[in-house]
Structures are given as structure tokens and as C-alpha cells.
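A short write-up of the structure that comes next.
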Amino acid sequence: MARMTSATPSSDLDPAIAARLKRSADGLVPAIAQQYDTGEVLMLGWMDDEALHRTLTTGRCTYWSRSRQEYWVKGDTSGHFQHVKSVALDCDADTVLVKVDQVGAACHTGARTCFDADVFPVKQ
């Protein structure tokens, strides 16, 4: 399946939403997944118009894999689903925040979050 880019029509995504998005040169926006009730940051994925449309209409996070060049739905192979609670666009319209109810691990390594394995020391 061909991925949408900023130069192509915005799939079935609501035109009002599509018009607001500021995409990268390859037609993507970063999508931050956050646990809806605790605020825990789980992962960062990438969405184009079609992935965002699927996320908004199915209630499950769909991302674009830059390495595999295909769409993937979180949990389809791992069983670690992300049930969407809300989706918000940031003030610059170039990042989306997807608040989810994460079932199982969010990270492909099996960790709950992608951001807990390599924490840098910060001088206080």
C-alpha cells in the first residue's frame, strides 16, 4: 500500500484536520503515545494522513514504519494494544499527542515504555 505524502491527497482524513498538519518533507508527523490516566510517555511513532485517519476512525493506533515502509497497528503482532482515548495537535501543528490505554508493553523490546532503559544523568 502506498503511503500518503504532503504532495498527495489526504486520504480520507477530515480535510479540516489535514489542512492544519505541518508534515516533514516525507509527509510524516511524529506521534507521541502517552498513557491517558498516568501521563507516562510510552513511545514515539510516525503518522501520515492515512495513519492518522485510521487511528481516529478505528480507536487503535496506526503508525507508518519508516524502516519497513508500511502501516502497522500497535498490538496486531505483539498483542500489546493501544486503545485511543484522545488525539491532540500541538501548538505548532507538527506533532500529535495520542493518549491511549496501553495493554502490555509499548516498546518493541518488551519494556513498558521506550524511555526507561537509557536515562542520562542530569547535574542538579
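In the C-alpha cells, chains take letters A, B, ... by order of appearance, with residues numbered from 1 within each chain and ligands from 1 in the order shown.
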
Exercise. Write down as a PyMOL selection string the residues of range 2-110 of chain A whose backbone DSSP state falls under strand (DSSP E or B).
Key: chain A and resi 29-35+41-47+60+62-65+70-73+82-89+96-102

Quiz item: Neighbours of Val73 in chain A within 12 Å (only C-alpha atoms; same-chain residues fewer than 5 positions away dropped), as a ChimeraX atom specification?
Solution: /A:45-47,51-52,54-55,58-65,78-84

Quiz prompt | CA of Gln34 in chain A to CA of Val100 in chain A, distance in Å rounded to a single decimal | solution =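 According to the coordinates, CA of Gln34 in chain A and CA of Val100 in chain A are separated by 6.0 Å.
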
Exercise. Check chain A with DSSP on the backbone and list each residue it calls alpha helix (DSSP H), as an MDAnalysis selection string.
Key: chainID A and resid 15:20 49:58

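In this structure, CA of Ala16 in chain A sits 24.2 Å away from CA of Leu44 in chain A.
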
Exercise. Do a neighbour search on Ala111 in chain A at 12 Å with only C-alpha atoms, toss out local chain neighbours closer than 6 positions, and write the hits as an NGL selection string.
Key: :A and (42-43 or 80 or 102-105 or 117-118)

Quiz item: Which residues, written as a PyMOL selection string, have at least one atom at most 12 Å from Cys91 in chain A, with only C-alpha atoms counted and residues fewer than 4 positions away on the same chain left out?
Solution: chain A and resi 20-22+95-97

Go ahead and save the residues from that selection, with all heavy atoms, as a short mmCIF file (atom, residue, chain, number, x, y, z; two decimals), in the first residue's frame.
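So again.cif came out as:
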data_model
loop_
_atom_site.label_atom_id
_atom_site.label_comp_id
_atom_site.auth_asym_id
_atom_site.auth_seq_id
_atom_site.Cartn_x
_atom_site.Cartn_y
_atom_site.Cartn_z
N ARG A 20 -4.49 21.50 8.60
CA ARG A 20 -3.76 22.06 9.75
C ARG A 20 -2.39 21.42 9.95
O ARG A 20 -1.51 22.03 10.55
CB ARG A 20 -4.60 21.89 11.02
CG ARG A 20 -5.87 22.73 10.97
CD ARG A 20 -6.66 22.59 12.24
NE ARG A 20 -5.87 23.06 13.38
CZ ARG A 20 -6.16 22.75 14.65
NH1 ARG A 20 -7.19 21.99 14.92
NH2 ARG A 20 -5.42 23.21 15.63
N LEU A 21 -2.21 20.18 9.49
CA LEU A 21 -0.98 19.44 9.77
C LEU A 21 0.23 20.04 9.05
O LEU A 21 0.18 20.35 7.87
CB LEU A 21 -1.11 17.99 9.32
CG LEU A 21 -2.07 17.11 10.10
CD1 LEU A 21 -2.15 15.73 9.45
CD2 LEU A 21 -1.65 17.00 11.55
N LYS A 22 1.32 20.17 9.79
CA LYS A 22 2.61 20.56 9.21
C LYS A 22 3.47 19.30 9.21
O LYS A 22 3.97 18.88 10.24
CB LYS A 22 3.27 21.67 10.03
CG LYS A 22 2.52 22.98 9.94
CD LYS A 22 3.23 24.05 10.73
CE LYS A 22 2.42 25.34 10.74
NZ LYS A 22 2.97 26.32 11.69
N THR A 95 3.11 17.97 15.54
CA THR A 95 3.21 16.77 16.37
C THR A 95 1.83 16.45 16.92
O THR A 95 1.09 17.36 17.29
CB THR A 95 4.19 16.99 17.56
OG1 THR A 95 5.45 17.42 17.06
CG2 THR A 95 4.36 15.74 18.38
N VAL A 96 1.52 15.15 16.98
CA VAL A 96 0.26 14.76 17.61
C VAL A 96 0.55 14.01 18.91
O VAL A 96 1.56 13.31 19.03
CB VAL A 96 -0.64 13.89 16.70
CG1 VAL A 96 -1.15 14.69 15.51
CG2 VAL A 96 0.05 12.65 16.24
N LEU A 97 -0.31 14.23 19.87
CA LEU A 97 -0.26 13.52 21.14
C LEU A 97 -1.46 12.58 21.18
O LEU A 97 -2.60 13.03 21.10
CB LEU A 97 -0.33 14.51 22.31
CG LEU A 97 -0.39 13.88 23.70
CD1 LEU A 97 0.88 13.08 24.01
CD2 LEU A 97 -0.62 14.95 24.75
#

Quiz item: For Val87 in chain A, which residue out of A:His53, A:Lys74, A:Arg68, A:Arg23 is the nearest one, using only C-alpha atoms?
Solution: A:His53

Quiz prompt | A:Ala18, A:Leu13, A:Val122, A:Val98 ranked by distance to Gln35 in chain A, top pick (using only C-alpha atoms) | solution = A:Val98

Self-check item: Counting only C-alpha atoms, the residue of A:Asp12, A:Asp48, A:Thr109, A:Gly39 that sits nearest Tyr71 in chain A
Solution: A:Asp48

Quiz item: Could you state the separation of CA of Asp26 in chain A and CA of Lys99 in chain A in Å, given to one decimal place?
Solution: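 Atom-to-atom, CA of Asp26 in chain A and CA of Lys99 in chain A are spaced 24.4 Å apart.
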